[in-house]
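Novice: Next comes upload34.txt, compact mmCIF, N, CA and C atoms:
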```txt
# COMPACT_ATOMS: atom_id res chain seq x y z
N MET A 14 108.29 106.19 85.56
CA MET A 14 108.52 105.87 86.95
C MET A 14 108.02 104.44 87.18
N THR A 15 108.80 103.67 87.83
CA THR A 15 108.40 102.31 88.15
C THR A 15 107.99 102.23 89.60
N ARG A 16 107.57 101.06 90.02
CA ARG A 16 107.12 100.90 91.40
C ARG A 16 108.27 100.64 92.35
N TRP A 17 109.49 100.40 91.84
CA TRP A 17 110.59 100.01 92.72
C TRP A 17 111.04 101.10 93.68
N PRO A 18 111.12 102.39 93.29
CA PRO A 18 111.47 103.39 94.29
C PRO A 18 110.46 103.43 95.44
N ALA A 19 109.20 103.26 95.14
CA ALA A 19 108.18 103.25 96.18
C ALA A 19 108.37 102.05 97.09
N ARG A 20 108.70 100.93 96.53
CA ARG A 20 108.87 99.73 97.35
C ARG A 20 110.12 99.84 98.23
N ARG A 21 111.15 100.51 97.74
CA ARG A 21 112.32 100.75 98.60
C ARG A 21 111.96 101.64 99.78
N LEU A 22 111.13 102.65 99.52
CA LEU A 22 110.68 103.51 100.61
C LEU A 22 109.79 102.74 101.59
N ILE A 23 108.99 101.82 101.09
CA ILE A 23 108.15 101.00 101.97
C ILE A 23 109.01 100.08 102.82
N VAL A 24 110.10 99.57 102.26
CA VAL A 24 111.04 98.76 103.06
C VAL A 24 111.67 99.63 104.15
N GLY A 25 112.01 100.87 103.81
CA GLY A 25 112.53 101.80 104.82
C GLY A 25 111.50 102.07 105.91
N LEU A 26 110.24 102.22 105.52
CA LEU A 26 109.16 102.40 106.49
C LEU A 26 109.04 101.17 107.39
N ALA A 27 109.18 100.00 106.81
CA ALA A 27 109.11 98.76 107.59
C ALA A 27 110.27 98.69 108.59
N ALA A 28 111.44 99.13 108.17
CA ALA A 28 112.60 99.12 109.08
C ALA A 28 112.38 100.10 110.23
N LEU A 29 111.85 101.29 109.94
CA LEU A 29 111.55 102.24 111.01
C LEU A 29 110.50 101.69 111.97
N THR A 30 109.50 101.04 111.41
CA THR A 30 108.46 100.45 112.24
C THR A 30 109.03 99.35 113.13
N ALA A 31 109.92 98.54 112.58
CA ALA A 31 110.54 97.47 113.36
C ALA A 31 111.41 98.05 114.49
N LEU A 32 112.16 99.10 114.20
CA LEU A 32 112.96 99.73 115.25
C LEU A 32 112.09 100.32 116.34
N PHE A 33 110.98 100.92 115.95
CA PHE A 33 110.05 101.49 116.90
C PHE A 33 109.46 100.39 117.79
N ASP A 34 109.14 99.24 117.18
CA ASP A 34 108.58 98.12 117.94
C ASP A 34 109.61 97.45 118.83
N LEU A 35 110.84 97.39 118.39
CA LEU A 35 111.88 96.78 119.22
C LEU A 35 112.18 97.61 120.46
N ALA A 36 111.91 98.90 120.39
CA ALA A 36 112.11 99.74 121.57
C ALA A 36 111.15 99.35 122.70
N VAL A 37 110.02 98.76 122.33
CA VAL A 37 109.05 98.31 123.33
C VAL A 37 109.63 97.15 124.13
N LEU A 38 110.51 96.36 123.51
CA LEU A 38 111.06 95.20 124.18
C LEU A 38 112.20 95.52 125.13
N LEU A 39 112.64 96.76 125.15
CA LEU A 39 113.73 97.13 126.05
C LEU A 39 113.31 96.96 127.51
N PRO A 40 114.25 96.63 128.37
CA PRO A 40 113.90 96.45 129.78
C PRO A 40 113.35 97.73 130.40
N GLY A 41 112.38 97.56 131.29
CA GLY A 41 111.82 98.69 131.99
C GLY A 41 110.62 99.32 131.33
N ASN A 42 110.12 98.75 130.25
CA ASN A 42 108.95 99.30 129.60
C ASN A 42 107.69 98.68 130.23
N PRO A 43 106.93 99.45 130.99
CA PRO A 43 105.74 98.90 131.65
C PRO A 43 104.47 98.98 130.82
N TYR A 44 104.57 99.49 129.57
CA TYR A 44 103.38 99.83 128.82
C TYR A 44 102.86 98.71 127.92
N SER A 45 103.55 97.62 127.79
CA SER A 45 103.12 96.62 126.82
C SER A 45 103.39 95.22 127.34
N SER A 46 102.47 94.33 127.04
CA SER A 46 102.66 92.93 127.37
C SER A 46 103.05 92.18 126.09
N ARG A 47 103.36 90.92 126.24
CA ARG A 47 103.77 90.10 125.10
C ARG A 47 102.63 89.97 124.10
N ASP A 48 101.41 89.76 124.58
CA ASP A 48 100.26 89.60 123.68
C ASP A 48 99.97 90.89 122.91
N GLU A 49 100.08 92.02 123.58
CA GLU A 49 99.88 93.29 122.89
C GLU A 49 100.94 93.52 121.83
N PHE A 50 102.18 93.13 122.15
CA PHE A 50 103.27 93.29 121.19
C PHE A 50 103.04 92.44 119.95
N VAL A 51 102.64 91.18 120.15
CA VAL A 51 102.39 90.29 119.01
C VAL A 51 101.22 90.81 118.18
N GLY A 52 100.16 91.28 118.84
CA GLY A 52 99.02 91.84 118.11
C GLY A 52 99.40 93.06 117.29
N ALA A 53 100.20 93.93 117.88
CA ALA A 53 100.64 95.13 117.16
C ALA A 53 101.51 94.75 115.96
N MET A 54 102.36 93.75 116.13
CA MET A 54 103.22 93.31 115.02
C MET A 54 102.39 92.74 113.86
N VAL A 55 101.35 91.99 114.18
CA VAL A 55 100.49 91.41 113.14
C VAL A 55 99.77 92.52 112.39
N ILE A 56 99.21 93.47 113.12
CA ILE A 56 98.49 94.58 112.46
C ILE A 56 99.44 95.39 111.59
N GLN A 57 100.63 95.71 112.10
CA GLN A 57 101.58 96.49 111.32
C GLN A 57 102.08 95.72 110.10
N ALA A 58 102.25 94.41 110.24
CA ALA A 58 102.67 93.60 109.10
C ALA A 58 101.58 93.61 108.02
N LEU A 59 100.32 93.54 108.42
CA LEU A 59 99.24 93.60 107.43
C LEU A 59 99.18 94.95 106.73
N VAL A 60 99.40 96.02 107.48
CA VAL A 60 99.39 97.36 106.88
C VAL A 60 100.55 97.50 105.90
N LEU A 61 101.73 97.04 106.27
CA LEU A 61 102.89 97.13 105.37
C LEU A 61 102.70 96.25 104.14
N TRP A 62 102.09 95.09 104.31
CA TRP A 62 101.80 94.22 103.16
C TRP A 62 100.81 94.92 102.22
N GLY A 63 99.80 95.58 102.81
CA GLY A 63 98.86 96.32 101.98
C GLY A 63 99.53 97.47 101.23
N LEU A 64 100.44 98.16 101.89
CA LEU A 64 101.19 99.22 101.21
C LEU A 64 102.03 98.65 100.07
N TRP A 65 102.64 97.51 100.31
CA TRP A 65 103.46 96.87 99.29
C TRP A 65 102.63 96.57 98.04
N ARG A 66 101.37 96.22 98.26
CA ARG A 66 100.48 95.89 97.16
C ARG A 66 99.76 97.12 96.59
N GLY A 67 99.95 98.29 97.22
CA GLY A 67 99.38 99.53 96.70
C GLY A 67 97.99 99.84 97.21
N SER A 68 97.66 99.40 98.41
CA SER A 68 96.33 99.62 98.98
C SER A 68 96.19 101.03 99.54
N ALA A 69 95.15 101.72 99.13
CA ALA A 69 94.88 103.06 99.66
C ALA A 69 94.42 102.99 101.11
N VAL A 70 93.70 101.93 101.47
CA VAL A 70 93.25 101.77 102.86
C VAL A 70 94.46 101.60 103.77
N ALA A 71 95.43 100.79 103.33
CA ALA A 71 96.64 100.59 104.12
C ALA A 71 97.41 101.90 104.26
N TRP A 72 97.42 102.73 103.21
CA TRP A 72 98.10 104.02 103.29
C TRP A 72 97.43 104.91 104.34
N VAL A 73 96.10 104.94 104.35
CA VAL A 73 95.38 105.77 105.32
C VAL A 73 95.64 105.28 106.74
N VAL A 74 95.64 103.96 106.94
CA VAL A 74 95.89 103.41 108.27
C VAL A 74 97.32 103.72 108.72
N ALA A 75 98.29 103.55 107.82
CA ALA A 75 99.69 103.84 108.16
C ALA A 75 99.87 105.33 108.48
N MET A 76 99.23 106.18 107.72
CA MET A 76 99.32 107.62 107.99
C MET A 76 98.66 107.95 109.32
N ALA A 77 97.54 107.30 109.62
CA ALA A 77 96.87 107.52 110.92
C ALA A 77 97.78 107.08 112.06
N PHE A 78 98.46 105.94 111.91
CA PHE A 78 99.39 105.49 112.94
C PHE A 78 100.46 106.54 113.19
N ALA A 79 101.05 107.05 112.13
CA ALA A 79 102.15 108.02 112.27
C ALA A 79 101.66 109.33 112.88
N VAL A 80 100.58 109.87 112.35
CA VAL A 80 100.08 111.17 112.81
C VAL A 80 99.54 111.08 114.24
N LEU A 81 98.77 110.02 114.52
CA LEU A 81 98.19 109.90 115.86
C LEU A 81 99.24 109.60 116.92
N THR A 82 100.30 108.89 116.56
CA THR A 82 101.40 108.69 117.50
C THR A 82 102.04 110.02 117.86
N PHE A 83 102.30 110.82 116.84
CA PHE A 83 102.90 112.14 117.07
C PHE A 83 101.98 113.00 117.93
N LEU A 84 100.70 113.08 117.55
CA LEU A 84 99.77 113.93 118.29
C LEU A 84 99.57 113.47 119.73
N SER A 85 99.52 112.16 119.94
CA SER A 85 99.31 111.69 121.31
C SER A 85 100.48 112.06 122.22
N TRP A 86 101.71 111.95 121.69
CA TRP A 86 102.87 112.32 122.51
C TRP A 86 102.94 113.82 122.73
N VAL A 87 102.57 114.61 121.73
CA VAL A 87 102.58 116.06 121.91
C VAL A 87 101.52 116.48 122.92
N LEU A 88 100.34 115.87 122.84
CA LEU A 88 99.27 116.25 123.76
C LEU A 88 99.52 115.78 125.19
N MET A 89 100.28 114.70 125.36
CA MET A 89 100.62 114.24 126.71
C MET A 89 101.64 115.16 127.37
N GLN A 90 102.39 115.88 126.59
CA GLN A 90 103.42 116.81 127.05
C GLN A 90 104.38 116.18 128.05
N PRO A 91 105.01 115.05 127.66
CA PRO A 91 106.01 114.47 128.57
C PRO A 91 107.27 115.32 128.53
N PRO A 92 108.14 115.17 129.52
CA PRO A 92 109.41 115.90 129.46
C PRO A 92 110.20 115.44 128.23
N LEU A 93 110.79 116.38 127.54
CA LEU A 93 111.47 116.08 126.28
C LEU A 93 112.80 115.40 126.57
N GLU A 94 112.76 114.09 126.63
CA GLU A 94 113.96 113.28 126.82
C GLU A 94 114.35 112.70 125.47
N VAL A 95 115.41 111.97 125.45
CA VAL A 95 115.91 111.39 124.19
C VAL A 95 114.89 110.43 123.59
N GLY A 96 114.30 109.57 124.41
CA GLY A 96 113.33 108.60 123.92
C GLY A 96 112.10 109.25 123.32
N VAL A 97 111.58 110.26 123.98
CA VAL A 97 110.40 110.97 123.48
C VAL A 97 110.75 111.69 122.18
N PHE A 98 111.89 112.31 122.14
CA PHE A 98 112.33 113.00 120.93
C PHE A 98 112.45 112.03 119.75
N LEU A 99 113.01 110.84 120.01
CA LEU A 99 113.15 109.85 118.94
C LEU A 99 111.80 109.34 118.46
N ILE A 100 110.86 109.17 119.36
CA ILE A 100 109.51 108.76 118.96
C ILE A 100 108.89 109.81 118.05
N LEU A 101 109.03 111.07 118.40
CA LEU A 101 108.49 112.14 117.58
C LEU A 101 109.15 112.19 116.21
N VAL A 102 110.47 112.03 116.18
CA VAL A 102 111.20 112.06 114.91
C VAL A 102 110.80 110.88 114.03
N VAL A 103 110.71 109.69 114.61
CA VAL A 103 110.33 108.50 113.82
C VAL A 103 108.92 108.67 113.26
N SER A 104 108.02 109.22 114.05
CA SER A 104 106.65 109.43 113.56
C SER A 104 106.61 110.42 112.40
N VAL A 105 107.39 111.49 112.50
CA VAL A 105 107.43 112.47 111.40
C VAL A 105 108.06 111.86 110.16
N VAL A 106 109.12 111.08 110.32
CA VAL A 106 109.77 110.44 109.17
C VAL A 106 108.83 109.42 108.52
N GLN A 107 108.08 108.67 109.32
CA GLN A 107 107.12 107.73 108.75
C GLN A 107 106.07 108.47 107.92
N ALA A 108 105.54 109.57 108.43
CA ALA A 108 104.56 110.34 107.68
C ALA A 108 105.19 110.94 106.42
N ALA A 109 106.43 111.37 106.51
CA ALA A 109 107.11 111.93 105.34
C ALA A 109 107.31 110.87 104.26
N ILE A 110 107.66 109.67 104.65
CA ILE A 110 107.82 108.58 103.67
C ILE A 110 106.49 108.30 102.99
N LEU A 111 105.42 108.27 103.76
CA LEU A 111 104.11 107.99 103.18
C LEU A 111 103.64 109.10 102.24
N CYS A 112 104.13 110.32 102.45
CA CYS A 112 103.71 111.45 101.61
C CYS A 112 104.62 111.69 100.41
N THR A 113 105.64 110.86 100.22
CA THR A 113 106.51 111.05 99.06
C THR A 113 105.74 110.79 97.77
N ARG A 114 106.20 111.41 96.72
CA ARG A 114 105.55 111.26 95.41
C ARG A 114 105.54 109.81 94.95
N GLU A 115 106.64 109.09 95.21
CA GLU A 115 106.73 107.70 94.75
C GLU A 115 105.70 106.81 95.44
N VAL A 116 105.57 106.95 96.75
CA VAL A 116 104.62 106.11 97.48
C VAL A 116 103.19 106.50 97.12
N ARG A 117 102.90 107.79 97.03
CA ARG A 117 101.54 108.21 96.64
C ARG A 117 101.18 107.71 95.25
N THR A 118 102.12 107.78 94.30
CA THR A 118 101.85 107.27 92.95
C THR A 118 101.64 105.76 92.98
N HIS A 119 102.43 105.06 93.75
CA HIS A 119 102.29 103.61 93.89
C HIS A 119 100.90 103.25 94.42
N VAL A 120 100.43 104.00 95.40
CA VAL A 120 99.11 103.74 95.98
C VAL A 120 98.00 104.17 95.01
N ASP A 121 98.18 105.31 94.35
CA ASP A 121 97.16 105.79 93.41
C ASP A 121 96.96 104.82 92.25
N ARG A 122 98.01 104.14 91.87
CA ARG A 122 97.91 103.18 90.75
C ARG A 122 97.62 101.77 91.23
N GLY A 123 97.39 101.61 92.49
CA GLY A 123 97.03 100.29 93.01
C GLY A 123 98.18 99.30 92.96
N GLY A 124 99.41 99.76 93.01
CA GLY A 124 100.57 98.89 93.01
C GLY A 124 101.07 98.51 91.63
N ARG A 125 100.38 98.98 90.59
CA ARG A 125 100.83 98.67 89.23
C ARG A 125 101.84 99.71 88.79
N GLY A 126 102.79 99.28 87.97
CA GLY A 126 103.77 100.21 87.41
C GLY A 126 103.15 101.04 86.31
N VAL A 127 103.91 101.94 85.74
CA VAL A 127 103.41 102.84 84.70
C VAL A 127 102.98 102.07 83.46
N HIS A 128 103.75 101.07 83.06
CA HIS A 128 103.48 100.36 81.82
C HIS A 128 102.62 99.12 82.02
N THR A 129 102.12 98.90 83.20
CA THR A 129 101.33 97.72 83.48
C THR A 129 99.86 98.08 83.46
N GLN A 130 99.08 97.33 82.69
CA GLN A 130 97.64 97.54 82.65
C GLN A 130 96.97 96.21 82.97
N ARG A 131 95.86 96.29 83.65
CA ARG A 131 95.12 95.06 83.93
C ARG A 131 94.43 94.56 82.67
N PHE A 132 93.84 95.48 81.92
CA PHE A 132 93.15 95.10 80.70
C PHE A 132 93.73 95.92 79.56
N PRO A 133 94.18 95.28 78.50
CA PRO A 133 94.74 96.06 77.40
C PRO A 133 93.65 96.90 76.74
N SER A 134 94.02 98.10 76.37
CA SER A 134 93.08 98.96 75.67
C SER A 134 93.49 99.04 74.20
N GLY A 135 92.50 99.05 73.38
CA GLY A 135 92.76 99.15 71.94
C GLY A 135 93.02 97.80 71.31
N PRO A 136 93.29 97.79 70.01
CA PRO A 136 93.52 96.53 69.30
C PRO A 136 94.82 95.86 69.75
N THR A 137 94.79 94.55 69.82
CA THR A 137 95.96 93.80 70.26
C THR A 137 96.76 93.27 69.09
N GLY A 138 96.25 93.41 67.88
CA GLY A 138 96.98 92.90 66.73
C GLY A 138 96.63 91.46 66.40
N ARG A 139 95.74 90.85 67.15
CA ARG A 139 95.33 89.49 66.88
C ARG A 139 93.85 89.49 66.56
N PHE A 140 93.46 88.54 65.70
CA PHE A 140 92.05 88.48 65.33
C PHE A 140 91.22 87.71 66.35
N PHE A 141 91.78 86.66 66.91
CA PHE A 141 91.03 85.87 67.90
C PHE A 141 91.92 85.50 69.03
```
Kindly return the structure encoded in the file as structure tokens.
Specialist:
Amino acid sequence: MTRWPARRLIVGLAALTALFDLAVLLPGNPYSSRDEFVGAMVIQALVLWGLWRGSAVAWVVAMAFAVLTFLSWVLMQPPLEVGVFLILVVSVVQAAILCTREVRTHVDRGGRGVHTQRFPSGPTGRFF
């Protein structure tokens, strides 16, 4: 298994995150200002960059974003409209992407592929 399937899934996660963030820019959204939007984009970009590099901390933060978004909307109990339903679905899909075998393996190996080692083990065939 190589790291490329995991990275494709991370790109899909980035696309879902971007769609979720673009919904904030739609007219009539009173919940976010421009500064909050830029701050959220920077934090999410850092988390996605960390996932791309295989960071376990970034995986935990991304999973917390997905799970806590879902839980907060469920606990608020808003009327189930199309927008609320889509937020719930996107949150579940984000968590599902993070829990795939490919992404978990990518994070467990720190972003290295199967055949990549930081330090070679055993004899290298050279004397010096």
Novice: Write out as JSON lines a residue-level contact list of stretch 81-133 of chain A versus stretch 54-65 of chain A with cut-off 9 Å: for each qualifying residue the closest pair of atoms and the distance in Å to one decimal, counting only C-alpha atoms, rows sorted by chain and residue number upward.
Specialist:
```
{"residue": "A:Val116", "atom": "CA", "partner": "A:Leu64", "partner_atom": "CA", "distance": 8.6}
{"residue": "A:His119", "atom": "CA", "partner": "A:Leu64", "partner_atom": "CA", "distance": 8.6}
{"residue": "A:Val120", "atom": "CA", "partner": "A:Leu64", "partner_atom": "CA", "distance": 7.2}
{"residue": "A:Gly124", "atom": "CA", "partner": "A:Trp65", "partner_atom": "CA", "distance": 7.2}
```
Novice: Could you state the separation of atom C of A:Gln107 and atom CA of A:Ala79 in Å, given to one decimal place?
Specialist: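 We find that atom C of A:Gln107 and atom CA of A:Ala79 lie 5.9 Å from each other.
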Novice: With only C-alpha atoms as the atoms that count, which of A:Leu39, A:Val51, A:Val70, A:Ala75 lies nearest to A:Ala108?
Specialist: A:Ala75
Novice: Please compute the atom CA of A:Val37-atom CA of A:Ile100 distance, one decimal, in Å.
Specialist: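 Taking atom CA of A:Val37 and atom CA of A:Ile100, their separation equals 11.3 Å.
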Novice: Compute the distance from (110.2, 111.7, 126.8) to each atom, counting only C-alpha atoms, keep the residues with any atom at most 10 Å away, and return them as number ranges by chain; use the coordinates of the file.
Specialist: A: 86, 89-101
Novice: Between A:Trp72, A:Arg114, A:Val106, A:Asp121, which has the minimum distance to A:Pro18 (counting only C-alpha atoms)?
Specialist: A:Arg114
Novice: Quick one: distance from atom CA of A:Phe78 to atom CA of A:Ala28 in Å, one decimal?
Specialist: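 Separating atom CA of A:Phe78 from atom CA of A:Ala28 is a distance of 15.2 Å.
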